file structure.pdb (PDB, C-alpha atoms)
ATOM      1  CA  MET A 117     -50.319   0.448 -57.809
ATOM      2  CA  SER A 118     -52.194   1.579 -60.933
ATOM      3  CA  THR A 119     -55.837   0.697 -61.489
ATOM      4  CA  LEU A 120     -57.321  -1.151 -64.466
ATOM      5  CA  ALA A 121     -58.813   2.127 -65.658
ATOM      6  CA  GLU A 122     -55.394   3.760 -65.626
ATOM      7  CA  ASN A 123     -53.869   0.954 -67.670
ATOM      8  CA  MET A 124     -56.624   1.288 -70.264
ATOM      9  CA  GLY A 125     -56.037   5.033 -70.716
ATOM     10  CA  ALA A 126     -52.960   4.716 -72.942
ATOM     11  CA  ASN A 127     -54.942   2.683 -75.505
ATOM     12  CA  THR A 128     -57.322   5.527 -76.340
ATOM     13  CA  GLU A 129     -56.950   7.675 -79.447
ATOM     14  CA  LEU A 130     -56.002  10.658 -77.300
ATOM     15  CA  GLY A 131     -53.477   8.565 -75.395
ATOM     16  CA  SER A 132     -51.842   7.306 -78.603
ATOM     17  CA  GLY A 133     -51.430  10.855 -79.883
ATOM     18  CA  LEU A 134     -49.934  12.063 -76.622
ATOM     19  CA  SER A 135     -47.564   9.090 -76.569
ATOM     20  CA  GLN A 136     -46.171  10.071 -79.960
ATOM     21  CA  GLY A 137     -45.855  13.673 -78.789
ATOM     22  CA  ILE A 138     -43.932  12.680 -75.655
ATOM     23  CA  ASP A 139     -41.576  10.512 -77.719
ATOM     24  CA  THR A 140     -40.947  13.380 -80.128
ATOM     25  CA  ILE A 141     -40.369  16.027 -77.458
ATOM     26  CA  SER A 142     -38.166  13.831 -75.301
ATOM     27  CA  GLY A 143     -36.202  12.268 -78.123
ATOM     28  CA  TYR A 144     -37.115   8.826 -76.727
ATOM     29  CA  GLN A 145     -35.425   9.766 -73.454
ATOM     30  CA  GLU A 146     -34.937   7.137 -70.753
ATOM     31  CA  LEU A 147     -34.243   7.654 -67.067
ATOM     32  CA  THR A 148     -32.185   5.109 -65.145
ATOM     33  CA  PHE A 149     -33.293   4.350 -61.575
ATOM     34  CA  THR A 150     -30.889   2.793 -59.059
ATOM     35  CA  LEU A 151     -31.991   1.060 -55.885
ATOM     36  CA  TYR A 152     -30.744   2.341 -52.494
ATOM     37  CA  VAL A 153     -31.279   0.671 -49.110
ATOM     38  CA  LYS A 154     -32.129   2.561 -45.935
ATOM     39  CA  PHE A 155     -29.595   2.365 -43.113
ATOM     40  CA  VAL A 156     -30.435   3.807 -39.693
ATOM     41  CA  LEU A 157     -27.392   4.591 -37.569
ATOM     42  CA  PRO A 158     -28.284   2.808 -34.305
ATOM     43  CA  VAL A 159     -26.483   5.294 -32.073
ATOM     44  CA  ASP A 160     -28.691   8.295 -32.850
ATOM     45  CA  GLY A 161     -31.225   7.341 -35.526
ATOM     46  CA  SER A 162     -29.513   9.238 -38.367
ATOM     47  CA  ILE A 163     -30.631   7.967 -41.781
ATOM     48  CA  PHE A 164     -28.394   7.086 -44.724
ATOM     49  CA  TRP A 165     -29.203   5.500 -48.098
ATOM     50  CA  VAL A 166     -26.737   2.861 -49.301
ATOM     51  CA  ASN A 167     -26.264   1.900 -52.968
ATOM     52  CA  ASN A 168     -27.649  -1.581 -53.651
ATOM     53  CA  ALA A 169     -24.354  -2.567 -55.327
ATOM     54  CA  LEU A 170     -22.945  -3.037 -51.816
ATOM     55  CA  PHE A 171     -25.488  -5.776 -51.028
ATOM     56  CA  SER A 172     -25.872  -9.366 -52.153
ATOM     57  CA  ASP A 173     -29.256 -10.626 -53.419
ATOM     58  CA  SER A 174     -29.823 -12.497 -50.170
ATOM     59  CA  ALA A 175     -29.385  -9.263 -48.213
ATOM     60  CA  LEU A 176     -32.276  -7.738 -50.192
ATOM     61  CA  TYR A 177     -34.784 -10.577 -49.708
ATOM     62  CA  ASN A 178     -36.339  -9.002 -46.625
ATOM     63  CA  GLN A 179     -37.305  -5.941 -48.655
ATOM     64  CA  ALA A 180     -39.470  -7.839 -51.176
ATOM     65  CA  ILE A 181     -43.228  -7.387 -51.315
ATOM     66  CA  THR A 182     -45.162  -9.740 -49.029
ATOM     67  CA  GLY A 183     -46.909 -12.483 -50.962
ATOM     68  CA  GLN A 184     -44.675 -12.558 -54.034
ATOM     69  CA  ALA A 185     -42.641 -15.571 -52.992
ATOM     70  CA  GLU A 186     -43.465 -19.086 -54.155
ATOM     71  CA  PRO A 187     -44.023 -21.749 -51.445
ATOM     72  CA  ASN A 188     -40.809 -22.973 -49.829
ATOM     73  CA  SER A 189     -38.689 -20.484 -51.744
ATOM     74  CA  PRO A 190     -37.126 -17.127 -50.845
ATOM     75  CA  PRO A 191     -38.842 -13.973 -52.092
ATOM     76  CA  PRO A 192     -37.357 -12.377 -55.199
ATOM     77  CA  ALA A 193     -34.858  -9.616 -54.655
ATOM     78  CA  PRO A 194     -36.095  -6.153 -55.710
ATOM     79  CA  THR A 195     -34.999  -4.826 -59.094
ATOM     80  CA  ARG A 196     -31.587  -3.222 -58.694
ATOM     81  CA  VAL A 197     -31.633  -0.973 -61.778
ATOM     82  CA  PHE A 198     -34.362  -0.203 -64.330
ATOM     83  CA  GLN A 199     -35.188   2.323 -67.055
ATOM     84  CA  ALA A 200     -38.340   4.321 -67.703
ATOM     85  CA  LYS A 201     -39.116   6.129 -70.963
ATOM     86  CA  GLY A 202     -40.695   9.578 -71.004
ATOM     87  CA  ALA A 203     -40.087  13.331 -71.046
ATOM     88  CA  LEU A 204     -38.214  15.010 -68.185
ATOM     89  CA  HIS A 205     -38.824  18.664 -67.342
ATOM     90  CA  LEU A 206     -36.410  20.477 -65.032
ATOM     91  CA  SER A 207     -36.714  23.853 -63.323
ATOM     92  CA  SER A 208     -33.885  25.340 -61.256
ATOM     93  CA  ASP A 209     -33.402  28.259 -58.918
ATOM     94  CA  ILE A 210     -30.554  29.325 -56.643
ATOM     95  CA  ARG A 211     -31.332  30.269 -53.053
ATOM     96  CA  GLN A 212     -28.858  32.207 -50.963
ATOM     97  CA  ALA A 213     -28.841  31.699 -47.204
ATOM     98  CA  GLU A 214     -26.533  32.556 -44.323
ATOM     99  CA  THR A 215     -24.547  29.328 -44.502
ATOM    100  CA  GLU A 216     -25.121  27.999 -48.021
ATOM    101  CA  ASN A 217     -25.900  28.810 -51.631
ATOM    102  CA  VAL A 218     -27.945  25.910 -52.966
ATOM    103  CA  THR A 219     -29.406  25.099 -56.356
ATOM    104  CA  TYR A 220     -32.915  23.672 -56.081
ATOM    105  CA  ASN A 221     -33.921  21.462 -58.996
ATOM    106  CA  ALA A 222     -37.578  20.501 -59.379
ATOM    107  CA  MET A 223     -38.109  17.477 -61.632
ATOM    108  CA  ARG A 224     -41.298  16.529 -63.518
ATOM    109  CA  PHE A 225     -41.416  13.324 -65.553
ATOM    110  CA  ALA A 226     -44.228  12.576 -68.027
ATOM    111  CA  THR A 227     -44.631   8.980 -69.171
ATOM    112  CA  MET A 228     -47.281   6.808 -70.795
ATOM    113  CA  GLU A 229     -46.622   3.873 -68.476
ATOM    114  CA  PRO A 230     -46.910   3.786 -64.666
ATOM    115  CA  ILE A 231     -43.535   3.216 -62.987
ATOM    116  CA  ARG A 232     -44.589   0.099 -61.133
ATOM    117  CA  GLU A 233     -41.225  -0.453 -59.438
ATOM    118  CA  LEU A 234     -41.779   2.664 -57.320
ATOM    119  CA  ASN A 235     -44.777   0.947 -55.703
ATOM    120  CA  GLN A 236     -43.216  -2.487 -55.306
ATOM    121  CA  ILE A 237     -40.651  -1.868 -52.596
ATOM    122  CA  SER A 238     -40.896  -1.308 -48.865
ATOM    123  CA  PRO A 239     -40.281   2.086 -47.191
ATOM    124  CA  THR A 240     -36.773   0.873 -46.357
ATOM    125  CA  MET A 241     -35.814   1.078 -50.034
ATOM    126  CA  LEU A 242     -35.609   3.958 -52.484
ATOM    127  CA  TYR A 243     -35.116   4.351 -56.233
ATOM    128  CA  VAL A 244     -32.842   7.272 -57.140
ATOM    129  CA  ALA A 245     -32.802   8.588 -60.710
ATOM    130  CA  ASN A 246     -29.828  10.323 -62.318
ATOM    131  CA  TYR A 247     -29.896  12.951 -65.054
ATOM    132  CA  ASN A 248     -26.580  14.532 -66.095
ATOM    133  CA  GLY A 249     -25.205  14.028 -62.594
ATOM    134  CA  ILE A 250     -28.336  15.342 -60.864
ATOM    135  CA  ARG A 251     -29.719  12.724 -58.474
ATOM    136  CA  PHE A 252     -33.405  12.925 -57.617
ATOM    137  CA  VAL A 253     -36.359  10.980 -56.259
ATOM    138  CA  PHE A 254     -40.038  11.177 -57.135
ATOM    139  CA  ASN A 255     -42.228  11.576 -54.058
ATOM    140  CA  ARG A 256     -45.625  12.211 -55.628
ATOM    141  CA  ARG A 257     -47.763  11.572 -58.714
ATOM    142  CA  GLU A 258     -50.476  13.932 -59.918
ATOM    143  CA  ASN A 259     -52.621  15.154 -62.805
ATOM    144  CA  PHE A 260     -53.562  11.697 -64.109
ATOM    145  CA  PHE A 261     -56.365  11.827 -66.690
ATOM    146  CA  GLN A 262     -57.751   8.442 -67.746
ATOM    147  CA  ASN A 263     -58.447   9.243 -71.408
ATOM    148  CA  ALA A 264     -54.984  10.725 -71.897
ATOM    149  CA  GLY A 265     -53.123   7.939 -70.110
ATOM    150  CA  VAL A 266     -50.222  10.242 -69.194
ATOM    151  CA  TYR A 267     -48.541   9.829 -65.800
ATOM    152  CA  HIS A 268     -46.808  12.783 -64.164
ATOM    153  CA  TYR A 269     -44.169  12.075 -61.485
ATOM    154  CA  LEU A 270     -42.712  14.937 -59.457
ATOM    155  CA  GLY A 271     -39.844  15.330 -57.025
ATOM    156  CA  ASN A 272     -36.794  17.369 -56.073
ATOM    157  CA  ALA A 273     -33.124  16.732 -56.674
ATOM    158  CA  LEU A 274     -30.803  15.908 -53.808
ATOM    159  CA  TYR A 275     -29.603  19.097 -52.100
ATOM    160  CA  SER A 276     -25.839  19.505 -52.044
ATOM    161  CA  VAL A 277     -25.775  19.579 -48.230
ATOM    162  CA  MET A 278     -27.445  16.139 -48.284
ATOM    163  CA  PHE A 279     -24.783  14.453 -50.428
ATOM    164  CA  PRO A 280     -23.125  12.695 -47.420
ATOM    165  CA  GLN A 281     -26.397  10.856 -46.690
ATOM    166  CA  LEU A 282     -26.113   8.770 -49.892
ATOM    167  CA  ILE A 283     -23.455   6.105 -49.460
ATOM    168  CA  GLU A 284     -21.651   4.707 -52.494
ATOM    169  CA  SER A 285     -18.860   2.955 -50.572
ATOM    170  CA  LEU A 286     -18.617   1.570 -47.042
ATOM    171  CA  ALA A 287     -14.825   1.939 -46.972
ATOM    172  CA  ALA A 288     -14.870   5.347 -45.290
ATOM    173  CA  PHE A 289     -18.294   5.123 -43.655
ATOM    174  CA  ASP A 290     -18.273   5.642 -39.876
ATOM    175  CA  ASN A 291     -20.952   3.453 -38.288
ATOM    176  CA  TYR A 292     -19.565   3.809 -34.766
ATOM    177  CA  ASN A 293     -19.627   7.473 -33.741
ATOM    178  CA  PRO A 294     -22.915   9.383 -33.422
ATOM    179  CA  VAL A 295     -23.729  12.325 -35.655
ATOM    180  CA  VAL A 296     -25.520  14.358 -32.987
ATOM    181  CA  THR A 297     -23.870  16.131 -30.050
ATOM    182  CA  ASN A 298     -26.884  16.489 -27.760
ATOM    183  CA  SER A 299     -28.635  14.022 -25.426
ATOM    184  CA  LEU A 300     -30.644  12.275 -28.170
ATOM    185  CA  PRO A 301     -28.794   8.909 -27.829
ATOM    186  CA  ILE A 302     -29.892   8.763 -24.195
ATOM    187  CA  TRP A 303     -33.567   9.246 -25.042
ATOM    188  CA  LEU A 304     -33.553   6.648 -27.814
ATOM    189  CA  THR A 305     -32.655   4.021 -25.205
ATOM    190  CA  LEU A 306     -35.742   4.865 -23.090
ATOM    191  CA  ASN A 307     -37.997   2.618 -25.164
ATOM    192  CA  GLN A 308     -39.521   0.339 -22.546
ATOM    193  CA  TYR A 309     -43.085   1.549 -23.171
ATOM    194  CA  PHE A 310     -43.005   2.405 -26.889
ATOM    195  CA  PRO A 311     -40.468   2.887 -29.710
ATOM    196  CA  MET A 312     -38.576   6.195 -29.699
ATOM    197  CA  TYR A 313     -37.625   7.995 -32.920
ATOM    198  CA  PRO A 314     -35.673  11.183 -33.636
ATOM    199  CA  SER A 315     -37.891  14.048 -34.772
ATOM    200  CA  TYR A 316     -38.390  14.202 -38.564
ATOM    201  CA  LEU A 317     -37.025  10.632 -38.898
ATOM    202  CA  THR A 318     -39.958   8.421 -37.963
ATOM    203  CA  ASN A 319     -40.809   5.557 -40.303
ATOM    204  CA  VAL A 320     -43.272   6.208 -43.121
ATOM    205  CA  ASN A 321     -46.945   5.761 -42.146
ATOM    206  CA  LEU A 322     -45.939   4.534 -38.709
ATOM    207  CA  VAL A 323     -48.845   3.129 -36.687
ATOM    208  CA  PRO A 324     -48.978   4.104 -32.962
ATOM    209  CA  PRO A 325     -47.934   3.687 -30.267
ATOM    210  CA  TYR A 326     -44.625   5.460 -30.663
ATOM    211  CA  ALA A 327     -42.871   8.668 -29.641
ATOM    212  CA  ALA A 328     -40.765  11.274 -31.442
ATOM    213  CA  VAL A 329     -37.914  13.048 -29.632
ATOM    214  CA  HIS A 330     -37.288  16.669 -30.589
ATOM    215  CA  ILE A 331     -34.390  18.676 -29.165
ATOM    216  CA  GLU A 332     -34.450  22.282 -30.279
ATOM    217  CA  PRO A 333     -30.869  23.209 -31.284
ATOM    218  CA  SER A 334     -31.043  26.570 -29.535
ATOM    219  CA  SER A 335     -31.988  24.855 -26.246
ATOM    220  CA  THR A 336     -28.583  23.158 -25.897
ATOM    221  CA  GLU A 337     -26.554  25.258 -23.464
ATOM    222  CA  SER A 338     -23.396  24.823 -21.427
ATOM    223  CA  TYR A 339     -23.262  24.904 -17.647
ATOM    224  CA  GLN A 340     -19.448  24.925 -17.537
ATOM    225  CA  ILE A 341     -16.362  25.231 -19.696
ATOM    226  CA  GLN A 342     -15.046  22.138 -21.428
ATOM    227  CA  TYR A 343     -12.251  20.219 -19.724
ATOM    228  CA  TYR A 344     -10.366  16.969 -20.387
ATOM    229  CA  ASP A 345      -9.708  13.906 -18.258
ATOM    230  CA  GLN A 346      -6.447  11.945 -18.060
ATOM    231  CA  GLN A 347      -7.327  10.061 -21.257
ATOM    232  CA  SER A 348      -7.915  13.369 -23.114
ATOM    233  CA  ASN A 349     -11.679  12.769 -23.254
ATOM    234  CA  PRO A 350     -13.609  16.073 -23.341
ATOM    235  CA  TRP A 351     -16.186  16.728 -20.593
ATOM    236  CA  GLN A 352     -18.797  19.444 -20.537
ATOM    237  CA  LEU A 353     -21.964  19.767 -18.471
ATOM    238  CA  ALA A 354     -24.792  20.792 -20.805
ATOM    239  CA  LYS A 355     -28.559  21.308 -20.774
ATOM    240  CA  ASP A 356     -31.211  20.326 -23.340
ATOM    241  CA  ARG A 357     -34.919  20.956 -23.674
ATOM    242  CA  ILE A 358     -36.548  17.776 -24.977
ATOM    243  CA  LYS A 359     -40.086  17.609 -26.336
ATOM    244  CA  ILE A 360     -41.458  14.072 -26.412
ATOM    245  CA  THR A 361     -44.478  13.694 -28.697
ATOM    246  CA  THR A 362     -46.388  10.445 -28.177
ATOM    247  CA  TYR A 363     -49.095   8.847 -30.302
ATOM    248  CA  GLY A 364     -51.623   6.193 -29.412
ATOM    249  CA  ILE A 365     -51.247   6.128 -25.609
ATOM    250  CA  ARG A 366     -53.627   6.942 -22.754
ATOM    251  CA  ASN A 367     -53.084   9.203 -19.760
ATOM    252  CA  HIS A 368     -51.852   6.438 -17.442
ATOM    253  CA  ASP A 369     -49.280   5.359 -20.063
ATOM    254  CA  ALA A 370     -47.943   8.904 -20.264
ATOM    255  CA  LEU A 371     -47.719   9.124 -16.466
ATOM    256  CA  ASN A 372     -45.868   5.821 -16.374
ATOM    257  CA  PHE A 373     -43.400   7.134 -18.930
ATOM    258  CA  ILE A 374     -42.683  10.230 -16.825
ATOM    259  CA  ASN A 375     -42.086   8.027 -13.773
ATOM    260  CA  TYR A 376     -39.877   5.813 -15.937
ATOM    261  CA  VAL A 377     -37.713   8.846 -16.824
ATOM    262  CA  PHE A 378     -37.615   9.928 -13.166
ATOM    263  CA  GLN A 379     -36.428   6.473 -12.102
ATOM    264  CA  TYR A 380     -33.850   6.348 -14.890
ATOM    265  CA  SER A 381     -32.417   9.651 -13.692
ATOM    266  CA  ILE A 382     -32.171   8.398 -10.102
ATOM    267  CA  ASN A 383     -30.723   4.989 -10.996
ATOM    268  CA  THR A 384     -28.115   6.068 -13.555
ATOM    269  CA  ASP A 385     -27.393   9.741 -12.935
ATOM    270  CA  ASN A 386     -26.991  10.055 -16.713
ATOM    271  CA  ILE A 387     -29.467  12.923 -16.781
ATOM    272  CA  GLY A 388     -30.623  15.377 -14.155
ATOM    273  CA  LEU A 389     -34.144  16.832 -14.316
ATOM    274  CA  VAL A 390     -34.229  20.610 -13.948
ATOM    275  CA  ASN A 391     -37.957  21.189 -14.525
ATOM    276  CA  MET A 392     -41.271  19.657 -13.544
ATOM    277  CA  PRO A 393     -42.656  18.070 -16.758
ATOM    278  CA  VAL A 394     -46.395  18.037 -17.404
ATOM    279  CA  ILE A 395     -48.462  16.127 -19.976
ATOM    280  CA  GLN A 396     -50.190  18.236 -22.628
ATOM    281  CA  ASP A 397     -52.936  16.939 -24.931
ATOM    282  CA  GLU A 398     -52.541  18.015 -28.560
ATOM    283  CA  LYS A 399     -55.383  18.561 -31.028
ATOM    284  CA  GLN A 400     -54.488  16.809 -34.274
ATOM    285  CA  TYR A 401     -57.688  16.178 -36.209
ATOM    286  CA  GLN A 402     -58.859  14.578 -39.442
ATOM    287  CA  GLU A 403     -62.039  16.247 -40.552
ATOM    288  CA  GLU A 404     -63.012  13.493 -43.039
ATOM    289  CA  PHE A 405     -63.579  11.140 -40.091
ATOM    290  CA  GLY A 406     -64.453  13.701 -37.411
ATOM    291  CA  ILE A 407     -61.772  12.385 -35.044
ATOM    292  CA  ILE A 408     -58.642  13.540 -33.227
ATOM    293  CA  SER A 409     -55.487  11.517 -32.669
ATOM    294  CA  GLN A 410     -54.203  10.324 -29.309
ATOM    295  CA  ARG A 411     -51.320  12.781 -29.366
ATOM    296  CA  LYS A 412     -49.574  14.111 -26.260
ATOM    297  CA  THR A 413     -46.422  16.123 -25.586
ATOM    298  CA  ILE A 414     -44.132  16.104 -22.559
ATOM    299  CA  THR A 415     -41.276  18.591 -22.211
ATOM    300  CA  PHE A 416     -38.193  17.779 -20.135
ATOM    301  CA  ASP A 417     -35.337  20.122 -19.234
ATOM    302  CA  VAL A 418     -32.324  17.978 -18.375
ATOM    303  CA  SER A 419     -28.658  18.388 -17.547
ATOM    304  CA  TYR A 420     -26.102  15.835 -18.713
ATOM    305  CA  TYR A 421     -22.473  15.371 -19.654
ATOM    306  CA  GLN A 422     -22.055  15.256 -23.416
ATOM    307  CA  THR A 423     -19.421  12.558 -23.013
ATOM    308  CA  THR A 424     -21.999  10.427 -21.192
ATOM    309  CA  ALA A 425     -24.370  10.678 -24.149
ATOM    310  CA  ASN A 426     -21.540   9.707 -26.487
ATOM    311  CA  ASN A 427     -20.588   6.698 -24.342
ATOM    312  CA  ILE A 428     -24.193   5.506 -24.241
ATOM    313  CA  ALA A 429     -24.355   5.757 -28.020
ATOM    314  CA  ARG A 430     -21.269   3.573 -28.364
ATOM    315  CA  GLU A 431     -22.713   0.967 -26.018
ATOM    316  CA  LEU A 432     -25.925   1.009 -28.028
ATOM    317  CA  ILE A 433     -24.185   0.210 -31.296
ATOM    318  CA  LYS A 434     -22.510  -2.799 -29.692
ATOM    319  CA  GLU A 435     -25.980  -4.245 -29.065
ATOM    320  CA  ALA A 436     -27.601  -3.204 -32.355
ATOM    321  CA  PHE A 437     -28.178  -5.706 -35.141
ATOM    322  CA  ILE A 438     -27.143  -4.311 -38.528
ATOM    323  CA  SER A 439     -28.392  -6.235 -41.564
ATOM    324  CA  LEU A 440     -25.627  -5.103 -43.918
ATOM    325  CA  THR A 441     -24.026  -7.657 -46.201
ATOM    326  CA  ALA A 442     -21.260  -6.120 -48.266
ATOM    327  CA  VAL A 443     -20.047  -7.769 -51.448
ATOM    328  CA  LYS A 444     -16.789  -7.242 -53.308
TER
END
call {"tool": "encode", "arguments": {"input": "structure.pdb", "output": "structure tokens"}}
result
Amino acid sequence: MSTLAENMGANTELGSGLSQGIDTISGYQELTFTLYVKFVLPVDGSIFWVNNALFSDSALYNQAITGQAEPNSPPPAPTRVFQAKGALHLSSDIRQAETENVTYNAMRFATMEPIRELNQISPTMLYVANYNGIRFVFNRRENFFQNAGVYHYLGNALYSVMFPQLIESLAAFDNYNPVVTNSLPIWLTLNQYFPMYPSYLTNVNLVPPYAAVHIEPSSTESYQIQYYDQQSNPWQLAKDRIKITTYGIRNHDALNFINYVFQYSINTDNIGLVNMPVIQDEKQYQEEFGIISQRKTITFDVSYYQTTANNIARELIKEAFISLTAVK
């Protein structure tokens, strides 16, 4: 949220002059922002963003800011679409890699008014702007000077390889089969002691305790050739190296988690341990406070059938609660 001092900046003589300059340069340009809702695929934690047009107002109530609702009334639904006036600057470069040639578009938006809607939604919602077919999101604000009253918002456009993660229609969306091929679905079910998240996909500003599961792609190897059963289901014995990073737990909690994994292996035979895991204390510090986090890592080498991981994922989605309400 903006401060009182920030709101006063645009009323200064300098701010008024800059406002006229921005209007002249931009040609009174307006950006349109569309609301998207976060959807986590229960089977493997993959994240998608769904256009708000697929939801009714009642389906968006849970995303409203706490404290905005009147007594005995539902909270207001977040704004679905809004416009912001300012000047948009775009810089582009093409990067060539082994498997893709991608255009990277960096967006900078200068405006005399803070975009309050960006601060008034939960982390499970996202406003996506569109400029000539380029979709982008602002993820930071910088270079605010009180006397000038100019707000600078920066972000990057959606990479072409990320297009499938934005959902405009549920007609062809597969919410049953997992995206991943490794043993990740198995590890996401081992959440008796703390929540488990895929690496890089933890919630924003998540407070411990929790754990992140990282499976290095190069660690997935085959122990045998692939074969098929009588129902034409593929079977292949594989191996993964899994690094579990935990936050906010003590030594005895980490030991209990290891024993929990051992017992799961014995009881289900879904995974076989092929190493002797050990707890390692990590040094993640914040120098402003002179403290280190309660961060630990545990590495497991396991064998498993990839079909088993897939079957567990399908059982998981049968139990998952999905708060999607589609409208015609």
call {"tool": "residues_near_point", "arguments": {"input": "structure.pdb", "point": "(-23.8, 16.2, -16.8)", "cutoff": "12 Å", "atoms": "only C-alpha atoms", "output": "PDB file with C-alpha atoms, in the coordinates of the input"}}
result
ATOM      1  CA  ASN A 298     -26.884  16.489 -27.760  1.00  0.00           C
ATOM      2  CA  SER A 299     -28.635  14.022 -25.426  1.00  0.00           C
ATOM      3  CA  GLU A 337     -26.554  25.258 -23.464  1.00  0.00           C
ATOM      4  CA  SER A 338     -23.396  24.823 -21.427  1.00  0.00           C
ATOM      5  CA  TYR A 339     -23.262  24.904 -17.647  1.00  0.00           C
ATOM      6  CA  GLN A 340     -19.448  24.925 -17.537  1.00  0.00           C
ATOM      7  CA  GLN A 342     -15.046  22.138 -21.428  1.00  0.00           C
ATOM      8  CA  TRP A 351     -16.186  16.728 -20.593  1.00  0.00           C
ATOM      9  CA  GLN A 352     -18.797  19.444 -20.537  1.00  0.00           C
ATOM     10  CA  LEU A 353     -21.964  19.767 -18.471  1.00  0.00           C
ATOM     11  CA  ALA A 354     -24.792  20.792 -20.805  1.00  0.00           C
ATOM     12  CA  LYS A 355     -28.559  21.308 -20.774  1.00  0.00           C
ATOM     13  CA  ASP A 356     -31.211  20.326 -23.340  1.00  0.00           C
ATOM     14  CA  SER A 381     -32.417   9.651 -13.692  1.00  0.00           C
ATOM     15  CA  THR A 384     -28.115   6.068 -13.555  1.00  0.00           C
ATOM     16  CA  ASP A 385     -27.393   9.741 -12.935  1.00  0.00           C
ATOM     17  CA  ASN A 386     -26.991  10.055 -16.713  1.00  0.00           C
ATOM     18  CA  ILE A 387     -29.467  12.923 -16.781  1.00  0.00           C
ATOM     19  CA  GLY A 388     -30.623  15.377 -14.155  1.00  0.00           C
ATOM     20  CA  LEU A 389     -34.144  16.832 -14.316  1.00  0.00           C
ATOM     21  CA  VAL A 390     -34.229  20.610 -13.948  1.00  0.00           C
ATOM     22  CA  VAL A 418     -32.324  17.978 -18.375  1.00  0.00           C
ATOM     23  CA  SER A 419     -28.658  18.388 -17.547  1.00  0.00           C
ATOM     24  CA  TYR A 420     -26.102  15.835 -18.713  1.00  0.00           C
ATOM     25  CA  TYR A 421     -22.473  15.371 -19.654  1.00  0.00           C
ATOM     26  CA  GLN A 422     -22.055  15.256 -23.416  1.00  0.00           C
ATOM     27  CA  THR A 423     -19.421  12.558 -23.013  1.00  0.00           C
ATOM     28  CA  THR A 424     -21.999  10.427 -21.192  1.00  0.00           C
ATOM     29  CA  ALA A 425     -24.370  10.678 -24.149  1.00  0.00           C
ATOM     30  CA  ASN A 426     -21.540   9.707 -26.487  1.00  0.00           C
TER      31      ASN A 426
END
call {"tool": "residues_around", "arguments": {"input": "structure.pdb", "residues": "range 149-157 of chain A", "least_positions_apart": "3", "cutoff": "7 Å", "atoms": "only C-alpha atoms", "output": "tab-separated table (two decimals) with C-alpha atoms, in the frame of the given file"}}
result
chain	number	residue	atom	x	y	z
A	160	ASP	CA	-28.69	8.30	-32.85
A	161	GLY	CA	-31.22	7.34	-35.53
A	162	SER	CA	-29.51	9.24	-38.37
A	163	ILE	CA	-30.63	7.97	-41.78
A	164	PHE	CA	-28.39	7.09	-44.72
A	165	TRP	CA	-29.20	5.50	-48.10
A	166	VAL	CA	-26.74	2.86	-49.30
A	167	ASN	CA	-26.26	1.90	-52.97
A	168	ASN	CA	-27.65	-1.58	-53.65
A	196	ARG	CA	-31.59	-3.22	-58.69
A	197	VAL	CA	-31.63	-0.97	-61.78
A	198	PHE	CA	-34.36	-0.20	-64.33
A	199	GLN	CA	-35.19	2.32	-67.06
A	240	THR	CA	-36.77	0.87	-46.36
A	241	MET	CA	-35.81	1.08	-50.03
A	242	LEU	CA	-35.61	3.96	-52.48
A	243	TYR	CA	-35.12	4.35	-56.23
A	244	VAL	CA	-32.84	7.27	-57.14
A	245	ALA	CA	-32.80	8.59	-60.71
A	246	ASN	CA	-29.83	10.32	-62.32
A	291	ASN	CA	-20.95	3.45	-38.29
call {"tool": "closest_residue", "arguments": {"input": "structure.pdb", "among": "A:Arg257, A:Arg411, A:Arg232, A:His205", "to": "Thr361 in chain A", "atoms": "all atoms listed in the file"}}
result
A:Arg411
call {"tool": "residues_around", "arguments": {"input": "structure.pdb", "residues": "range 395-405 of chain A", "least_positions_apart": "6", "cutoff": "8 Å", "atoms": "all atoms listed in the file", "output": "MDAnalysis selection string"}}
result
chainID A and resid 370:371 411:415
call {"tool": "write_last_selection", "arguments": {"input": "structure.pdb", "atoms": "C-alpha atoms", "output": "short mmCIF file (atom, residue, chain, number, x, y, z; two decimals), in the frame of the given file"}}
result
data_model
loop_
_atom_site.label_atom_id
_atom_site.label_comp_id
_atom_site.auth_asym_id
_atom_site.auth_seq_id
_atom_site.Cartn_x
_atom_site.Cartn_y
_atom_site.Cartn_z
CA ALA A 370 -47.94 8.90 -20.26
CA LEU A 371 -47.72 9.12 -16.47
CA ARG A 411 -51.32 12.78 -29.37
CA LYS A 412 -49.57 14.11 -26.26
CA THR A 413 -46.42 16.12 -25.59
CA ILE A 414 -44.13 16.10 -22.56
CA THR A 415 -41.28 18.59 -22.21
#
call {"tool": "closest_residue", "arguments": {"input": "structure.pdb", "among": "A:Val320, A:Ile408, A:Ile250, A:Leu300", "to": "Ile358 in chain A", "atoms": "all atoms listed in the file"}}
result
A:Leu300
call {"tool": "resolve_selection", "arguments": {"input": "structure.pdb", "expression": "the PyMOL selection byres ((chain A and resi 332) around 8)", "output": "MDAnalysis selection string"}}
result
chainID A and resid 330:331 333:336 356:358
